[in-house]
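Enquirer: Here you go, this is structure-v5.cif (mmCIF, C-alpha atoms).
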```cif
data_run
loop_
_atom_site.label_atom_id
_atom_site.label_comp_id
_atom_site.auth_asym_id
_atom_site.auth_seq_id
_atom_site.Cartn_x
_atom_site.Cartn_y
_atom_site.Cartn_z
CA MET A 215 79.94 67.06 122.31
CA LYS A 216 82.79 68.99 123.97
CA TRP A 217 81.18 72.39 124.42
CA ALA A 218 84.11 73.94 126.32
CA THR A 219 86.49 73.05 123.50
CA TYR A 220 84.10 74.37 120.85
CA PHE A 221 83.81 77.75 122.58
CA ALA A 222 87.56 77.92 123.28
CA VAL A 223 88.54 77.26 119.66
CA THR A 224 85.79 79.55 118.33
CA ALA A 225 86.87 82.35 120.69
CA ALA A 226 90.53 81.93 119.69
CA VAL A 227 89.74 82.29 115.97
CA VAL A 228 87.36 85.19 116.68
CA PHE A 229 90.21 86.98 118.46
CA VAL A 230 92.23 86.57 115.27
CA GLY A 231 89.44 88.42 113.44
CA LEU A 232 89.57 91.21 116.02
CA SER A 233 93.33 91.50 115.60
CA LEU A 234 92.97 91.72 111.81
CA GLY A 235 90.19 94.29 112.13
CA VAL A 236 92.55 96.54 114.09
CA THR A 237 95.80 96.03 112.16
CA LEU A 238 94.58 96.04 108.53
CA PRO A 239 93.33 99.65 108.50
CA LEU A 240 96.12 100.77 110.85
CA VAL A 241 98.80 99.57 108.42
CA SER A 242 97.09 101.39 105.53
CA PHE A 243 96.74 104.61 107.53
CA ARG A 244 100.38 104.44 108.64
CA LEU A 245 101.67 103.92 105.09
CA GLU A 246 99.56 106.79 103.81
CA ALA A 247 100.97 109.02 106.55
CA TRP A 248 104.48 108.02 105.44
CA GLY A 249 103.65 109.26 101.95
CA TYR A 250 103.26 105.95 100.11
CA GLY A 251 100.89 105.84 97.15
CA SER A 252 97.94 103.60 96.38
CA PHE A 253 100.04 101.03 94.52
CA ALA A 254 102.45 100.55 97.42
CA ILE A 255 99.55 100.24 99.86
CA GLY A 256 97.88 97.75 97.51
CA VAL A 257 101.04 95.63 97.35
CA MET A 258 101.16 95.59 101.14
CA ALA A 259 97.50 94.58 101.26
CA ALA A 260 98.17 91.70 98.85
CA MET A 261 100.96 90.14 100.93
CA PRO A 262 98.62 88.23 103.30
CA ALA A 263 96.87 86.74 100.25
CA VAL A 264 100.24 85.44 99.05
CA GLY A 265 100.77 84.11 102.56
CA ILE A 266 97.46 82.26 102.35
CA LEU A 267 98.66 80.34 99.30
CA LEU A 268 101.90 79.38 101.09
CA GLY A 269 100.28 78.65 104.45
CA ALA A 270 97.76 76.24 102.98
CA ARG A 271 100.64 74.08 101.74
CA LEU A 272 102.41 74.18 105.12
CA THR A 273 99.44 73.33 107.33
CA GLY A 274 99.44 69.53 107.01
CA HIS A 275 103.18 69.18 107.65
CA LEU A 276 103.10 71.46 110.68
CA ALA A 277 100.05 69.71 112.18
CA GLU A 278 101.70 66.30 111.80
CA TRP A 279 104.97 67.47 113.35
CA CYS A 280 103.50 69.44 116.26
CA GLY A 281 99.88 68.31 116.54
CA THR A 282 96.86 70.48 115.79
CA PRO A 283 96.52 72.28 119.17
CA GLN A 284 100.26 73.02 119.39
CA SER A 285 100.34 74.22 115.77
CA LEU A 286 97.46 76.60 116.42
CA ARG A 287 99.10 78.07 119.51
CA LEU A 288 102.50 78.34 117.79
CA CYS A 289 101.08 80.16 114.76
CA MET A 290 99.07 82.56 116.91
CA LEU A 291 102.22 83.41 118.85
CA VAL A 292 104.20 83.87 115.62
CA SER A 293 101.46 86.21 114.38
CA ALA A 294 101.52 88.13 117.68
CA THR A 295 105.28 88.56 117.41
CA SER A 296 105.01 89.73 113.80
CA VAL A 297 102.32 92.28 114.68
CA ALA A 298 104.42 93.59 117.57
CA LEU A 299 107.42 93.94 115.26
CA LEU A 300 105.36 96.17 112.97
CA SER A 301 105.50 98.79 115.72
CA VAL A 302 109.24 98.57 116.40
CA MET A 303 110.50 98.11 112.81
CA PRO A 304 108.92 100.91 110.72
CA SER A 305 110.39 99.86 107.38
CA TYR A 306 108.34 99.19 104.24
CA PRO A 307 110.44 96.20 103.00
CA LEU A 308 110.42 94.62 106.48
CA TRP A 309 106.69 95.20 106.77
CA LEU A 310 106.21 93.30 103.51
CA LEU A 311 107.99 90.29 105.01
CA LEU A 312 106.11 90.58 108.31
CA ARG A 313 102.75 90.79 106.54
CA LEU A 314 103.69 87.73 104.48
CA LEU A 315 104.56 85.87 107.69
CA ILE A 316 101.27 86.96 109.27
CA GLY A 317 99.38 85.65 106.23
CA ILE A 318 101.14 82.27 106.39
CA SER A 319 100.67 81.77 110.13
CA LEU A 320 97.05 82.90 110.28
CA THR A 321 96.16 80.64 107.36
CA VAL A 322 97.32 77.69 109.46
CA VAL A 323 95.13 79.01 112.29
CA PHE A 324 92.06 79.25 110.06
CA VAL A 325 92.54 75.85 108.40
CA LEU A 326 93.16 73.97 111.64
CA GLY A 327 90.72 76.03 113.73
CA GLU A 328 87.80 75.56 111.33
CA SER A 329 88.70 71.87 110.96
CA TRP A 330 88.74 71.45 114.74
CA ILE A 331 85.36 73.17 115.10
CA ASN A 332 83.78 71.02 112.37
CA GLN A 333 85.31 67.86 113.84
CA LEU A 334 83.64 68.53 117.21
CA LEU A 335 80.14 69.22 115.94
CA GLU A 336 77.21 66.85 115.91
CA ASP A 337 75.55 67.02 112.51
CA ARG A 338 72.15 67.98 113.95
CA LEU A 339 73.75 71.16 115.36
CA ARG A 340 76.31 71.79 112.62
CA GLY A 341 74.42 74.54 110.80
CA ARG A 342 73.74 76.67 113.87
CA LEU A 343 77.18 76.26 115.46
CA VAL A 344 79.16 76.90 112.26
CA ALA A 345 76.96 79.98 111.72
CA LEU A 346 77.65 81.10 115.31
CA TYR A 347 81.37 80.90 114.57
CA GLY A 348 80.90 82.86 111.32
CA THR A 349 78.84 85.51 113.07
CA GLY A 350 81.42 85.94 115.81
CA PHE A 351 84.23 86.28 113.30
CA ALA A 352 82.34 88.84 111.20
CA LEU A 353 81.45 90.90 114.28
CA SER A 354 85.05 90.80 115.51
CA GLN A 355 86.26 92.22 112.21
CA LEU A 356 83.57 94.90 112.40
CA CYS A 357 84.63 95.83 115.95
CA GLY A 358 88.28 96.16 114.94
CA PRO A 359 87.98 99.52 113.15
CA LEU A 360 85.72 100.80 115.95
CA LEU A 361 88.35 99.92 118.54
CA LEU A 362 90.99 101.60 116.38
CA THR A 363 89.10 104.88 116.64
CA LEU A 364 89.55 104.62 120.43
CA LEU A 365 93.17 103.45 120.31
CA GLY A 366 94.14 106.05 117.70
CA THR A 367 96.14 105.69 114.51
CA GLU A 368 99.01 108.01 115.42
CA SER A 369 100.43 105.76 118.16
CA ASP A 370 101.39 102.07 118.20
CA ARG A 371 98.74 101.10 120.74
CA GLY A 372 96.74 99.33 118.02
CA PHE A 373 99.65 97.03 117.17
CA TRP A 374 100.28 96.14 120.80
CA PHE A 375 96.59 95.58 121.47
CA ALA A 376 96.34 93.23 118.47
CA ALA A 377 99.45 91.31 119.56
CA GLY A 378 98.05 90.94 123.09
CA VAL A 379 94.73 89.66 121.76
CA LEU A 380 96.55 86.96 119.73
CA VAL A 381 98.57 85.86 122.77
CA PHE A 382 95.40 85.66 124.87
CA GLY A 383 93.69 83.64 122.14
CA SER A 384 96.54 81.12 122.10
CA LEU A 385 96.19 80.64 125.87
CA LEU A 386 92.50 79.76 125.48
CA LEU A 387 93.50 76.59 123.61
CA VAL A 388 95.58 75.13 126.44
CA GLY A 389 94.16 71.87 127.82
CA HIS A 390 91.65 71.14 125.05
CA ASP A 391 91.55 68.03 122.86
CA GLY A 392 89.37 66.48 120.16
CA ALA A 393 91.34 68.07 117.33
CA PRO A 394 91.66 66.32 113.94
CA LYS A 395 94.48 63.82 113.53
CA VAL A 396 96.53 64.89 110.55
CA ASP A 397 98.78 63.07 108.12
CA ALA A 398 101.12 65.55 106.43
CA GLN A 399 101.10 63.86 103.04
CA SER A 400 97.32 63.74 102.73
CA ALA A 401 96.68 67.16 104.30
CA SER A 402 99.33 69.14 102.42
CA GLY A 403 96.90 70.90 100.11
CA ARG A 404 97.55 68.61 97.13
CA GLY A 405 94.61 67.44 95.07
CA ILE A 406 92.89 70.80 94.75
CA VAL A 407 91.98 70.11 91.10
CA ALA A 408 90.20 66.92 92.12
CA PHE A 409 88.42 68.80 94.92
CA CYS A 410 87.21 71.46 92.49
CA ARG A 411 86.03 68.84 90.03
CA GLY A 412 84.25 66.88 92.75
CA SER A 413 82.59 69.89 94.41
CA PRO A 414 82.65 72.72 91.86
CA ALA A 415 79.82 74.69 93.49
CA ILE A 416 81.59 74.74 96.87
CA ALA A 417 84.92 75.66 95.27
CA TRP A 418 83.43 78.58 93.33
CA ALA A 419 81.42 79.73 96.37
CA VAL A 420 84.65 80.07 98.39
CA VAL A 421 86.40 82.03 95.62
CA LEU A 422 83.35 84.26 95.24
CA PHE A 423 83.04 85.03 98.96
CA ALA A 424 86.79 85.69 99.28
CA ALA A 425 86.58 88.18 96.41
CA PHE A 426 83.48 89.73 98.00
CA GLU A 427 85.14 90.18 101.40
CA ALA A 428 88.33 91.59 99.88
CA MET A 429 86.36 94.13 97.83
CA VAL A 430 83.78 95.26 100.40
CA LEU A 431 86.26 96.99 102.71
CA THR A 432 88.57 98.27 99.97
CA LEU A 433 86.64 99.01 96.77
CA LEU A 434 83.00 99.37 97.83
CA PRO A 435 83.64 102.67 99.69
CA VAL A 436 85.41 104.04 96.59
CA TYR A 437 82.52 102.93 94.35
CA LEU A 438 80.00 104.69 96.61
CA LEU A 439 82.06 107.89 96.78
CA ARG A 440 82.29 107.99 92.99
CA GLU A 441 78.52 107.60 92.82
CA GLY A 442 78.13 110.85 94.75
CA PHE A 443 77.66 109.71 98.35
CA ALA A 444 79.32 111.57 101.20
CA GLN A 445 82.14 109.74 102.96
CA GLN A 446 80.24 109.15 106.19
CA LEU A 447 77.16 107.85 104.37
CA ALA A 448 79.34 105.60 102.22
CA LEU A 449 80.88 104.08 105.36
CA PHE A 450 77.40 103.50 106.82
CA MET A 451 76.42 101.71 103.61
CA VAL A 452 79.50 99.50 103.79
CA SER A 453 78.62 98.77 107.43
CA ALA A 454 75.15 97.68 106.30
CA VAL A 455 76.76 95.00 104.10
CA VAL A 456 78.93 93.77 107.00
CA VAL A 457 75.96 93.79 109.40
CA GLY A 458 73.95 91.76 106.90
CA ASP A 459 76.79 89.26 106.70
CA ALA A 460 77.09 89.00 110.49
CA ALA A 461 73.48 89.23 111.66
CA LEU A 462 71.84 86.85 109.22
CA GLN A 463 74.28 83.94 109.44
CA LEU A 464 72.58 82.49 112.51
CA PRO A 465 69.16 82.32 110.78
CA ILE A 466 70.85 80.71 107.77
CA GLY A 467 72.59 78.20 110.05
CA TRP A 468 69.31 77.46 111.84
CA MET A 469 67.64 76.79 108.49
CA ALA A 470 70.56 74.56 107.44
CA ASP A 471 69.65 72.19 110.29
CA ARG A 472 66.01 72.02 109.16
CA VAL A 473 65.88 72.18 105.35
CA PRO A 474 67.99 70.53 102.62
CA ARG A 475 71.36 72.26 102.80
CA GLN A 476 72.08 72.12 99.10
CA ALA A 477 68.75 73.80 98.31
CA LEU A 478 69.55 76.56 100.82
CA PHE A 479 73.00 76.89 99.21
CA ARG A 480 71.37 77.48 95.83
CA CYS A 481 68.94 80.03 97.33
CA CYS A 482 71.83 82.09 98.72
CA GLY A 483 73.37 82.17 95.24
CA VAL A 484 70.10 83.36 93.68
CA VAL A 485 69.71 86.11 96.33
CA LEU A 486 73.32 87.23 95.76
CA LEU A 487 72.70 87.40 92.01
CA LEU A 488 69.50 89.44 92.39
CA SER A 489 70.93 91.80 95.03
CA SER A 490 74.08 92.41 92.94
CA LEU A 491 71.95 93.30 89.91
CA SER A 492 69.75 95.56 92.07
CA ILE A 493 72.55 97.71 93.49
CA PRO A 494 73.04 99.97 90.43
CA LEU A 495 69.26 100.20 89.90
CA LEU A 496 68.30 101.04 93.50
CA LEU A 497 71.50 102.78 94.63
CA HIS A 498 69.88 106.19 95.14
CA THR A 499 66.64 104.94 96.70
CA GLN A 500 65.72 103.94 100.26
CA LEU A 501 65.45 100.31 99.15
CA ILE A 502 69.24 100.19 98.80
CA TRP A 503 69.55 99.53 102.55
CA VAL A 504 67.56 96.31 102.24
CA VAL A 505 69.54 95.33 99.15
CA LEU A 506 72.86 95.88 100.93
CA LEU A 507 71.76 93.73 103.89
CA LEU A 508 70.73 90.91 101.55
CA PHE A 509 73.95 91.37 99.55
CA GLY A 510 76.06 90.77 102.67
CA ALA A 511 73.87 88.00 104.07
CA SER A 512 73.75 85.94 100.88
CA ALA A 513 77.50 86.23 100.25
CA GLY A 514 78.27 85.25 103.85
CA GLY A 515 75.78 82.42 103.60
CA LEU A 516 77.74 80.89 100.73
CA TYR A 517 80.84 80.56 102.89
CA THR A 518 78.98 79.35 105.98
CA LEU A 519 77.18 76.68 103.98
CA SER A 520 80.43 75.66 102.28
CA LEU A 521 81.94 74.92 105.70
CA ILE A 522 78.80 73.06 106.76
CA LEU A 523 78.72 70.87 103.65
CA VAL A 524 82.43 70.07 103.92
CA GLY A 525 82.15 69.36 107.66
CA GLN A 526 79.34 66.85 107.23
CA ARG A 527 81.45 64.82 104.79
CA TYR A 528 85.05 64.74 106.07
CA ARG A 529 86.96 63.85 109.24
CA ASP A 530 90.55 64.11 110.53
CA ASP A 531 93.21 64.55 107.85
CA ALA A 532 90.60 64.52 105.05
CA LEU A 533 88.84 67.42 106.76
CA VAL A 534 92.10 69.37 107.13
CA ARG A 535 92.90 68.62 103.48
CA ALA A 536 89.51 69.96 102.39
CA ASN A 537 90.01 73.11 104.47
CA SER A 538 93.50 73.51 102.96
CA HIS A 539 91.86 73.49 99.54
CA ILE A 540 89.38 76.09 100.79
CA ALA A 541 92.28 78.25 101.99
CA LEU A 542 93.98 78.05 98.59
CA LEU A 543 90.73 79.00 96.87
CA TRP A 544 90.29 81.84 99.36
CA GLY A 545 93.73 83.19 98.51
CA ALA A 546 92.91 83.06 94.80
CA GLY A 547 89.67 84.99 95.40
CA CYS A 548 91.46 87.61 97.51
CA LEU A 549 93.95 88.19 94.71
CA LEU A 550 91.67 88.01 91.67
CA GLY A 551 88.64 89.87 93.03
CA PRO A 552 90.16 93.29 93.74
CA LEU A 553 92.50 93.15 90.72
CA SER A 554 89.75 92.37 88.20
CA THR A 555 87.29 94.80 89.77
CA GLY A 556 89.83 97.61 89.93
CA ALA A 557 90.76 97.15 86.28
CA ALA A 558 87.14 96.89 85.15
CA SER A 559 86.17 99.96 87.20
CA GLN A 560 88.85 102.02 85.52
CA TRP A 561 88.44 100.85 81.92
CA VAL A 562 84.97 99.29 81.54
CA SER A 563 82.28 100.61 83.90
CA GLY A 564 81.90 102.51 87.16
CA HIS A 565 79.43 99.81 88.25
CA ALA A 566 82.02 97.05 87.79
CA LEU A 567 81.90 95.87 91.41
CA PRO A 568 78.22 94.85 91.55
CA MET A 569 78.28 93.68 87.94
CA LEU A 570 81.25 91.37 88.46
CA MET A 571 79.65 90.03 91.64
CA ALA A 572 76.49 89.37 89.60
CA ILE A 573 78.52 87.49 86.98
CA GLY A 574 80.23 85.46 89.71
CA ALA A 575 76.89 84.70 91.38
CA ALA A 576 75.38 83.67 88.03
CA GLY A 577 78.29 81.26 87.56
CA PHE A 578 77.68 79.80 91.00
CA VAL A 579 73.94 79.37 90.36
CA TRP A 580 74.68 77.60 87.09
CA LEU A 581 77.19 75.27 88.79
CA ALA A 582 74.91 74.60 91.77
CA PHE A 583 72.10 73.33 89.55
CA GLN A 584 74.35 71.01 87.51
CA ARG A 585 74.37 67.27 88.08
CA GLY A 586 77.42 66.37 90.18
CA ALA A 587 77.83 69.84 91.68
CA PHE A 588 78.09 68.23 95.14
CA SER A 589 79.32 64.77 94.18
CA GLU A 590 82.04 64.81 96.85
CA VAL A 591 79.59 65.87 99.55
CA ALA A 592 77.34 63.37 101.23
CA VAL A 593 73.68 64.24 100.91
CA GLN A 594 72.19 64.84 104.35
CA ARG A 595 68.72 65.61 105.66
#
```
Represent the structure from my file as structure tokens, please.
Expert:
Amino acid sequence: MKWATYFAVTAAVVFVGLSLGVTLPLVSFRLEAWGYGSFAIGVMAAMPAVGILLGARLTGHLAEWCGTPQSLRLCMLVSATSVALLSVMPSYPLWLLLRLLIGISLTVVFVLGESWINQLLEDRLRGRLVALYGTGFALSQLCGPLLLTLLGTESDRGFWFAAGVLVFGSLLLVGHDGAPKVDAQSASGRGIVAFCRGSPAIAWAVVLFAAFEAMVLTLLPVYLLREGFAQQLALFMVSAVVVGDAALQLPIGWMADRVPRQALFRCCGVVLLLSSLSIPLLLHTQLIWVVLLLFGASAGGLYTLSLILVGQRYRDDALVRANSHIALLWGAGCLLGPLSTGAASQWVSGHALPMLMAIGAAGFVWLAFQRGAFSEVAVQR
């Protein structure tokens, strides 16, 4: 196994997470300071999700034309340029276009980067090393807002820092090989319906985790504030969810190399269902801290295990195609999760966020126990 390449590609994608962790809140703070309302900020936040849907279609063509390593470096540099332009072109319409471009280019990075990582791994180490990647990415996103407190939101230092990080990440990929060989026609993102039919549990797990991640940093703090928690305590509670996601992925990955992966997949769904149902019941007790950790860990485990199960089955352009499908499903989850939760919170119940997560987790558990839930995935271990 090419360890240097694994760590280089993992570090490059982790730096993308750090860049996002800095720029996402900075853009929202800047728009609020300019006097824009919640709807305008929400539209800006949705642009990368639209970019995900477009980028997943572009990935196969770009990788065939330029090669996987060159495509990764190119898209990281395009993202760096777009982030830098946010600081020198303070215009809402232009920012919409730049955020769309960032979403497209970073989707290519995620699809090809995760495909490259999975292509390199030996199956006996796949669980632990995919989990190590997931942990690094989650921690990088957590560190982004912390770094922003040091860089400040009034100046443009955050934008320039994020752009520099992306440039540095692209340089880490120079001189490495072992990337998937891609055919544009087969890795263009087509065939997503067949993918969902063949692996419905994996498809729904990706949508569910995308919705979870989109809601945790945007709607969970609002939910906690409306339940009477002080702002600082609400942020600590959100951090507990993120810490659970980051800290417990390595144990989940370690278990994935030692126990049946599909059984572990189902267990994560059951824990997510139970923790989601427990949040409204235990919200004002000390047990809520344990529940929040399990809530984050089980949701993150669904995505980590989805990558592991896909990686053990596919290679080269088929692997990139599968990850393109995952990116499309991710974009759908990012769009549908916050929209449905926001509407339900306003018109149905104040506890809509945990209740909708519970409904989504129940759907996953039902799918995961059906015959043929993993028919496209080779049974291992």
Enquirer: Using only C-alpha atoms, can you tell me which of A:Cys289, A:Ile522, A:Leu362, A:Leu267 comes closest to Leu339 in chain A?
Expert: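 Going through A:Cys289, A:Ile522, A:Leu362, A:Leu267 one by one, the smallest distance to Leu339 in chain A is for A:Ile522.
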Enquirer: Go through range 322-399 of chain A residue by residue and, counting all atoms listed in the file, keep those with an atom at most 12 Å from range 421-439 of chain A; for each kept residue give the shortest atom pair and its distance in Å to one decimal, ordered by chain and increasing number, as a Markdown table.
Expert:
```
| residue | atom | partner | partner_atom | distance |
| --- | --- | --- | --- | --- |
| A:Ala352 | CA | A:Glu427 | CA | 10.3 |
| A:Gln355 | CA | A:Leu431 | CA | 10.6 |
| A:Leu356 | CA | A:Leu431 | CA | 10.3 |
| A:Pro359 | CA | A:Leu431 | CA | 10.9 |
```
Enquirer: Once the PyMOL selection byres ((chain A and resi 376-386) around 8) has been evaluated on this model, what residues remain selected, and can you format them as a PyMOL selection string?
Expert: chain A and resi 222-223+225-227+229-230+232-234+236-237+286-288+290-291+293-295+297-298+372-375+387-388
Enquirer: Can I get the selection written as a PDB file, in the coordinates of the input, with C-alpha atoms?
Expert:
```pdb
ATOM      1  CA  ALA A 222      87.560  77.920 123.280  1.00  0.00           C
ATOM      2  CA  VAL A 223      88.540  77.260 119.660  1.00  0.00           C
ATOM      3  CA  ALA A 225      86.870  82.350 120.690  1.00  0.00           C
ATOM      4  CA  ALA A 226      90.530  81.930 119.690  1.00  0.00           C
ATOM      5  CA  VAL A 227      89.740  82.290 115.970  1.00  0.00           C
ATOM      6  CA  PHE A 229      90.210  86.980 118.460  1.00  0.00           C
ATOM      7  CA  VAL A 230      92.230  86.570 115.270  1.00  0.00           C
ATOM      8  CA  LEU A 232      89.570  91.210 116.020  1.00  0.00           C
ATOM      9  CA  SER A 233      93.330  91.500 115.600  1.00  0.00           C
ATOM     10  CA  LEU A 234      92.970  91.720 111.810  1.00  0.00           C
ATOM     11  CA  VAL A 236      92.550  96.540 114.090  1.00  0.00           C
ATOM     12  CA  THR A 237      95.800  96.030 112.160  1.00  0.00           C
ATOM     13  CA  LEU A 286      97.460  76.600 116.420  1.00  0.00           C
ATOM     14  CA  ARG A 287      99.100  78.070 119.510  1.00  0.00           C
ATOM     15  CA  LEU A 288     102.500  78.340 117.790  1.00  0.00           C
ATOM     16  CA  MET A 290      99.070  82.560 116.910  1.00  0.00           C
ATOM     17  CA  LEU A 291     102.220  83.410 118.850  1.00  0.00           C
ATOM     18  CA  SER A 293     101.460  86.210 114.380  1.00  0.00           C
ATOM     19  CA  ALA A 294     101.520  88.130 117.680  1.00  0.00           C
ATOM     20  CA  THR A 295     105.280  88.560 117.410  1.00  0.00           C
ATOM     21  CA  VAL A 297     102.320  92.280 114.680  1.00  0.00           C
ATOM     22  CA  ALA A 298     104.420  93.590 117.570  1.00  0.00           C
ATOM     23  CA  GLY A 372      96.740  99.330 118.020  1.00  0.00           C
ATOM     24  CA  PHE A 373      99.650  97.030 117.170  1.00  0.00           C
ATOM     25  CA  TRP A 374     100.280  96.140 120.800  1.00  0.00           C
ATOM     26  CA  PHE A 375      96.590  95.580 121.470  1.00  0.00           C
ATOM     27  CA  LEU A 387      93.500  76.590 123.610  1.00  0.00           C
ATOM     28  CA  VAL A 388      95.580  75.130 126.440  1.00  0.00           C
TER      29      VAL A 388
END
```
Enquirer: Excluding Ser369 in chain A and its own-chain neighbours fewer than 5 positions away, which residues fall within 10 Å of it when counting all atoms listed in the file? Please give them as an NGL selection string.
Expert: :A and (240 or 244 or 301 or 374)
Enquirer: Taking the file as shown, find all residues satisfying the PyMOL selection byres ((chain A and resi 334) around 9) and write them as a PyMOL selection string.
Expert: chain A and resi 215-217+219-220+329-333+335-336+392-394
Enquirer: Here is a test: counting all atoms listed in the file, which residue of A:Ala575, A:Ala558, A:Leu549, A:Gly514 is nearest to Tyr347 in chain A?
Expert: A:Gly514
Enquirer: If the PyMOL selection byres ((chain A and resi 535-546) around 9) is run on the structure shown, which residues does it catch, given as a ChimeraX atom specification?
Expert: /A:262-271,273-274,321-322,324-326,328-329,396,400-406,409-410,416-418,420-425,521,524,528,530-534,547-551
Enquirer: What does the distance from CA of Cys482 in chain A to CA of Ala448 in chain A come to in Å, to one decimal?
Expert: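 Value for the CA of Cys482 in chain A-CA of Ala448 in chain A distance: 24.9 Å.
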Enquirer: Which neighbours of Arg342 in chain A fall inside 8 Å, counting only C-alpha atoms, when residues of the same chain fewer than 5 positions from it are skipped, and could you give them as a ChimeraX atom specification?
Expert: /A:464-468,470-471
Enquirer: Nearest residue to Thr367 in chain A out of A:Val485, A:Leu245, A:Leu320, A:Ala460, using all atoms listed in the file?
Expert: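 Using all atoms listed in the file, Thr367 in chain A sits closest to A:Leu245.
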